[in-house]
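**Q** My structure is stored as protein.cif, with mmCIF, C-alpha atoms.
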```cif
data_run
loop_
_atom_site.label_atom_id
_atom_site.label_comp_id
_atom_site.auth_asym_id
_atom_site.auth_seq_id
_atom_site.Cartn_x
_atom_site.Cartn_y
_atom_site.Cartn_z
CA MET A 1 -23.43 -32.25 -3.18
CA ALA A 2 -21.95 -29.69 -5.61
CA ILE A 3 -24.97 -27.39 -5.19
CA HIS A 4 -24.72 -27.58 -1.40
CA LEU A 5 -20.98 -26.90 -1.52
CA LEU A 6 -21.51 -23.84 -3.73
CA ARG A 7 -24.21 -22.56 -1.37
CA ASP A 8 -21.94 -22.98 1.65
CA GLN A 9 -19.01 -21.34 -0.15
CA THR A 10 -21.18 -18.34 -1.02
CA GLN A 11 -22.30 -17.96 2.59
CA LEU A 12 -18.73 -18.38 3.80
CA GLN A 13 -17.55 -15.59 1.51
CA HIS A 14 -20.38 -13.36 2.73
CA ASP A 15 -19.39 -13.96 6.36
CA LEU A 16 -15.73 -13.33 5.59
CA LEU A 17 -16.43 -10.02 3.87
CA ALA A 18 -18.67 -8.94 6.76
CA LEU A 19 -15.82 -9.65 9.17
CA ALA A 20 -13.39 -7.74 6.95
CA GLY A 21 -15.71 -4.72 6.92
CA LEU A 22 -15.96 -4.80 10.70
CA VAL A 23 -12.19 -5.02 11.08
CA GLU A 24 -11.58 -2.17 8.63
CA GLN A 25 -14.06 0.04 10.50
CA THR A 26 -12.40 -0.84 13.79
CA ILE A 27 -8.97 0.16 12.49
CA HIS A 28 -10.30 3.52 11.29
CA ARG A 29 -11.99 4.17 14.63
CA ALA A 30 -8.89 3.20 16.61
CA VAL A 31 -6.70 5.60 14.64
CA ARG A 32 -9.32 8.32 15.00
CA ALA A 33 -9.38 7.79 18.77
CA LEU A 34 -5.58 8.08 18.81
CA GLN A 35 -5.61 11.30 16.81
CA THR A 36 -8.39 13.02 18.74
CA GLY A 37 -7.84 11.64 22.22
CA ASN A 38 -11.43 10.39 22.21
CA THR A 39 -11.44 7.91 25.07
CA VAL A 40 -15.11 6.99 24.54
CA LEU A 41 -14.34 5.95 20.96
CA ALA A 42 -11.26 4.06 22.15
CA ARG A 43 -13.35 2.06 24.61
CA GLU A 44 -15.89 1.28 21.89
CA VAL A 45 -13.08 -0.13 19.74
CA ILE A 46 -11.88 -2.29 22.62
CA ALA A 47 -15.41 -3.57 23.23
CA ALA A 48 -15.85 -4.40 19.54
CA ASP A 49 -13.04 -6.94 19.68
CA GLU A 50 -15.39 -9.43 21.32
CA GLN A 51 -17.64 -9.38 18.24
CA ILE A 52 -14.64 -9.88 15.96
CA ASP A 53 -13.60 -12.89 18.03
CA ARG A 54 -17.10 -14.37 17.79
CA GLU A 55 -17.14 -13.97 14.01
CA ASP A 56 -13.68 -15.53 13.80
CA ASN A 57 -14.89 -18.57 15.74
CA HIS A 58 -18.06 -18.84 13.65
CA ILE A 59 -16.19 -18.80 10.33
CA HIS A 60 -13.67 -21.38 11.50
CA GLU A 61 -16.49 -23.64 12.67
CA GLU A 62 -18.21 -23.33 9.30
CA CYS A 63 -14.97 -24.16 7.50
CA LEU A 64 -14.52 -27.30 9.59
CA LYS A 65 -18.10 -28.32 8.86
CA MET A 66 -17.50 -27.89 5.14
CA LEU A 67 -14.36 -30.00 5.29
CA ALA A 68 -16.24 -32.76 7.12
CA LEU A 69 -19.46 -32.69 5.10
CA HIS A 70 -18.23 -31.98 1.57
CA GLN A 71 -14.65 -33.29 1.67
CA PRO A 72 -13.59 -30.73 -0.97
CA VAL A 73 -10.54 -31.31 -3.16
CA ALA A 74 -8.25 -29.22 -5.39
CA CYS A 75 -9.37 -25.58 -5.73
CA ASP A 76 -12.40 -26.07 -3.48
CA LEU A 77 -10.16 -27.35 -0.70
CA ARG A 78 -7.70 -24.49 -1.20
CA ARG A 79 -10.59 -22.03 -0.95
CA VAL A 80 -11.71 -23.34 2.43
CA VAL A 81 -8.13 -23.36 3.69
CA ALA A 82 -7.61 -19.81 2.37
CA VAL A 83 -10.72 -18.60 4.19
CA MET A 84 -9.44 -20.06 7.45
CA LEU A 85 -6.06 -18.39 7.00
CA ILE A 86 -7.58 -15.05 5.99
CA THR A 87 -9.97 -15.10 8.94
CA THR A 88 -7.08 -15.62 11.33
CA ASP A 89 -5.27 -12.60 9.86
CA LEU A 90 -8.41 -10.47 10.14
CA GLU A 91 -8.87 -11.46 13.79
CA ARG A 92 -5.28 -10.50 14.52
CA MET A 93 -5.85 -7.13 12.84
CA GLY A 94 -8.74 -6.64 15.22
CA ASP A 95 -6.41 -7.35 18.14
CA LEU A 96 -3.94 -4.77 16.80
CA ALA A 97 -6.71 -2.17 16.44
CA GLU A 98 -7.60 -2.87 20.05
CA GLU A 99 -3.97 -2.26 21.00
CA ILE A 100 -4.02 1.08 19.16
CA ALA A 101 -7.14 2.03 21.11
CA GLU A 102 -5.34 1.07 24.33
CA ARG A 103 -2.55 3.45 23.32
CA ALA A 104 -5.16 6.18 22.78
CA LEU A 105 -6.42 5.64 26.33
CA HIS A 106 -2.89 5.75 27.67
CA LEU A 107 -2.16 9.02 25.88
CA GLY A 108 -5.04 10.64 27.75
CA GLY A 109 -2.91 10.76 30.89
CA THR A 110 0.45 11.75 29.43
CA PRO A 111 1.91 15.09 28.26
CA PRO A 112 0.54 16.00 24.81
CA LEU A 113 2.54 15.12 21.73
CA ARG A 114 1.31 15.86 18.24
CA VAL A 115 0.32 12.76 16.32
CA PRO A 116 2.40 12.74 13.10
CA ASP A 117 0.34 13.58 10.00
CA LYS A 118 1.89 10.59 8.25
CA LEU A 119 0.17 8.27 10.70
CA GLN A 120 -3.20 8.88 9.00
CA ARG A 121 -1.69 8.27 5.56
CA MET A 122 -0.11 5.08 6.86
CA ALA A 123 -3.47 3.97 8.31
CA ASP A 124 -5.27 4.76 5.05
CA LEU A 125 -2.71 2.75 3.10
CA ALA A 126 -2.92 -0.21 5.47
CA THR A 127 -6.73 -0.34 5.26
CA THR A 128 -6.54 0.03 1.48
CA MET A 129 -4.29 -3.01 1.46
CA VAL A 130 -6.86 -4.94 3.50
CA ARG A 131 -9.67 -3.94 1.16
CA GLN A 132 -7.77 -4.71 -2.02
CA ALA A 133 -6.51 -8.03 -0.69
CA LEU A 134 -10.11 -9.08 0.00
CA ASP A 135 -11.16 -7.79 -3.44
CA SER A 136 -8.49 -9.96 -5.01
CA PHE A 137 -9.92 -12.92 -3.09
CA VAL A 138 -13.45 -12.27 -4.36
CA THR A 139 -12.37 -11.71 -7.97
CA LEU A 140 -9.53 -14.26 -7.94
CA ASN A 141 -7.19 -11.56 -9.25
CA GLN A 142 -3.61 -12.63 -8.71
CA GLU A 143 -2.15 -9.42 -10.16
CA GLN A 144 -4.08 -7.36 -7.63
CA ALA A 145 -2.91 -9.60 -4.81
CA GLU A 146 0.69 -9.14 -5.92
CA ARG A 147 0.19 -5.34 -6.01
CA VAL A 148 -0.95 -5.49 -2.40
CA MET A 149 2.21 -7.37 -1.52
CA ARG A 150 4.29 -4.61 -3.10
CA MET A 151 2.38 -1.88 -1.23
CA ASP A 152 3.82 -3.16 2.04
CA ASP A 153 7.12 -1.48 1.16
CA GLU A 154 5.44 1.95 1.32
CA VAL A 155 3.91 1.17 4.71
CA ASP A 156 7.35 0.14 5.96
CA ARG A 157 8.72 3.48 4.71
CA TYR A 158 6.03 5.39 6.62
CA ASN A 159 6.85 3.33 9.70
CA ARG A 160 10.53 4.28 9.54
CA GLU A 161 9.78 7.97 8.93
CA ILE A 162 7.23 8.26 11.73
CA ILE A 163 9.51 6.54 14.22
CA ALA A 164 12.36 8.89 13.26
CA GLU A 165 10.01 11.87 13.74
CA LEU A 166 8.92 10.60 17.14
CA ILE A 167 12.50 10.02 18.29
CA GLU A 168 13.41 13.57 17.29
CA ALA A 169 10.39 14.96 19.18
CA MET A 170 11.27 12.99 22.31
CA GLN A 171 14.86 14.18 22.18
CA LYS A 172 13.72 17.79 21.96
CA THR A 173 11.09 17.41 24.70
CA PRO A 174 12.04 14.70 27.23
CA ALA A 175 8.70 15.16 29.04
CA SER A 176 6.98 13.78 25.94
CA THR A 177 8.87 10.49 26.05
CA GLU A 178 6.00 8.45 27.51
CA ALA A 179 3.56 9.78 24.92
CA GLY A 180 6.13 9.21 22.18
CA LEU A 181 6.53 5.58 23.17
CA SER A 182 2.76 5.08 23.00
CA LEU A 183 2.68 6.55 19.49
CA PHE A 184 5.71 4.44 18.62
CA SER A 185 3.74 1.33 19.63
CA ALA A 186 0.65 2.43 17.69
CA THR A 187 2.76 2.93 14.57
CA ARG A 188 4.22 -0.54 14.91
CA HIS A 189 0.71 -1.97 15.28
CA LEU A 190 -0.32 -0.31 12.02
CA GLU A 191 2.74 -1.77 10.32
CA ARG A 192 1.71 -5.20 11.57
CA ILE A 193 -1.81 -4.70 10.20
CA ALA A 194 -0.26 -4.11 6.79
CA ASP A 195 1.78 -7.30 7.25
CA HIS A 196 -1.44 -9.24 7.84
CA ALA A 197 -2.94 -7.70 4.70
CA THR A 198 0.14 -8.95 2.87
CA ASN A 199 -0.48 -12.39 4.34
CA ILE A 200 -4.01 -12.32 2.92
CA ALA A 201 -2.66 -11.40 -0.51
CA GLU A 202 -0.24 -14.31 -0.28
CA ASP A 203 -3.13 -16.60 0.63
CA VAL A 204 -4.98 -15.41 -2.48
CA VAL A 205 -1.98 -16.31 -4.63
CA TYR A 206 -2.02 -19.74 -3.01
CA LEU A 207 -5.76 -20.09 -3.68
CA ILE A 208 -5.40 -19.19 -7.35
CA SER A 209 -2.18 -20.95 -8.24
CA GLY A 210 -1.57 -23.46 -5.47
CA ASP A 211 1.83 -21.81 -5.08
CA ILE A 212 2.98 -21.01 -1.53
CA VAL A 213 4.74 -17.63 -1.68
CA LYS A 214 5.18 -16.88 2.02
CA HIS A 215 8.75 -16.21 3.09
CA ARG A 216 9.89 -15.73 -0.48
CA PRO A 217 11.51 -12.53 -1.79
CA LYS A 218 8.91 -9.83 -2.40
CA VAL A 219 7.39 -9.48 -5.86
CA ARG A 220 8.78 -6.40 -7.61
#
```
If you convert what's in this file into structure tokens, what do you get?

**A**
Amino acid sequence: MAIHLLRDQTQLQHDLLALAGLVEQTIHRAVRALQTGNTVLAREVIAADEQIDREDNHIHEECLKMLALHQPVACDLRRVVAVMLITTDLERMGDLAEEIAERALHLGGTPPLRVPDKLQRMADLATTMVRQALDSFVTLNQEQAERVMRMDDEVDRYNREIIAELIEAMQKTPASTEAGLSLFSATRHLERIADHATNIAEDVVYLISGDIVKHRPKVR
């Protein structure tokens, strides 16, 4: 039984990391479509969400099978539960990337408005959070998970600064208001992606320590 459980856990981790890689790529492509106005790329991102949904369903089904067949306890049980929670956050990130791509399509028909340079830095930071949160899961590194949780403050700062920049641009050029609102939405979606990365880091802390840290004051 223990050998079979270990085998299934290894496969589950492989599937989870494959999903994470797909989601990270989708976020990058969505932001690129937004920056360049590439509607073909935006549509590819939207189409990719179906694959993310399929992988999400597959991983959840495998988790339920493991719970039924192996009846894991203690840390093994927490690991399966953590995978289910992490998978849900990854799927929601995919939905948010799709929303960013939708904003890119919308911007194709509105007056041009320069995409703030900080948006790329915000996107890079958000995807770094995703990657490091998953790394902390693989290595069971609680300190790294807690660093990811702290990084969310910087993403929030970028969010505030970009929104302020967009408001100023819309005030100066009222014709750009519709485009500004689309960029406003895309920025908020990136901020939510970082929130989901924070959720993953919190799930890793739960996996390692059994301590539920959601909704507690941020680690400083």

**Q** Looking at only C-alpha atoms, which of A:Asp124, A:Asp153, A:Asp203, A:Asp89 is the one that sits closest to Asn141 in chain A?

**A** A:Asp203

**Q** Determine the residue membership of the PyMOL selection byres ((chain A and resi 99) around 10) for the file above and supply it as a ChimeraX atom specification.

**A** /A:30,42,45-46,93-98,100-105,185-186,189-190

**Q** List as a ChimeraX atom specification the protein and nucleic acid residues near Ala145 in chain A, meaning an atom at most 12 Å away when all atoms listed in the file are counted, but skip any in the same chain fewer than 6 places from it.

**A** /A:129-139,151-152,197-209,213,219

**Q** Quick one, how far is CA of Leu41 in chain A from CA of Glu161 in chain A?

**A**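 Result for CA of Leu41 in chain A versus CA of Glu161 in chain A: 27.0 Å, one decimal.
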
**Q** If the PyMOL selection byres ((chain A and resi 76-87) around 7) were run on this exact file, what residues would it hold? Put them as a ChimeraX atom specification.

**A** /A:16,56,60,63,72-75,88-91,200,203,207

**Q** Output C-alpha atoms for every residue in the selection just made, as a PDB file, keeping the file's coordinate frame.

**A**
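That gives us again.pdb:
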```pdb
ATOM      1  CA  LEU A  16     -15.730 -13.330   5.590  1.00  0.00           C
ATOM      2  CA  ASP A  56     -13.680 -15.530  13.800  1.00  0.00           C
ATOM      3  CA  HIS A  60     -13.670 -21.380  11.500  1.00  0.00           C
ATOM      4  CA  CYS A  63     -14.970 -24.160   7.500  1.00  0.00           C
ATOM      5  CA  PRO A  72     -13.590 -30.730  -0.970  1.00  0.00           C
ATOM      6  CA  VAL A  73     -10.540 -31.310  -3.160  1.00  0.00           C
ATOM      7  CA  ALA A  74      -8.250 -29.220  -5.390  1.00  0.00           C
ATOM      8  CA  CYS A  75      -9.370 -25.580  -5.730  1.00  0.00           C
ATOM      9  CA  THR A  88      -7.080 -15.620  11.330  1.00  0.00           C
ATOM     10  CA  ASP A  89      -5.270 -12.600   9.860  1.00  0.00           C
ATOM     11  CA  LEU A  90      -8.410 -10.470  10.140  1.00  0.00           C
ATOM     12  CA  GLU A  91      -8.870 -11.460  13.790  1.00  0.00           C
ATOM     13  CA  ILE A 200      -4.010 -12.320   2.920  1.00  0.00           C
ATOM     14  CA  ASP A 203      -3.130 -16.600   0.630  1.00  0.00           C
ATOM     15  CA  LEU A 207      -5.760 -20.090  -3.680  1.00  0.00           C
TER      16      LEU A 207
END
```

**Q** Going by the chain IDs and residue numbers used in this file, which residues fall under the PyMOL selection byres ((chain A and resi 184) around 10)? Write them as a list of chain:residue names.

**A**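 Applying the expression gives A:Arg103, A:Asn159, A:Ile162, A:Ile163, A:Ala164, A:Glu165, A:Leu166, A:Ile167, A:Glu178, A:Ala179, A:Gly180, A:Leu181, A:Ser182, A:Leu183, A:Ser185, A:Ala186, A:Thr187, A:Arg188, A:His189.
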
**Q** Report, in Å with one decimal, the straight-line distance from CA of Glu55 in chain A to CA of Asp15 in chain A.

**A**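 That distance, rounded to one decimal, is 8.0 Å.
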
**Q** CA of Gln144 in chain A and CA of Arg92 in chain A are how many Å apart?

**A**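 Atom-to-atom, CA of Gln144 in chain A to CA of Arg92 in chain A, that is 22.4 Å.
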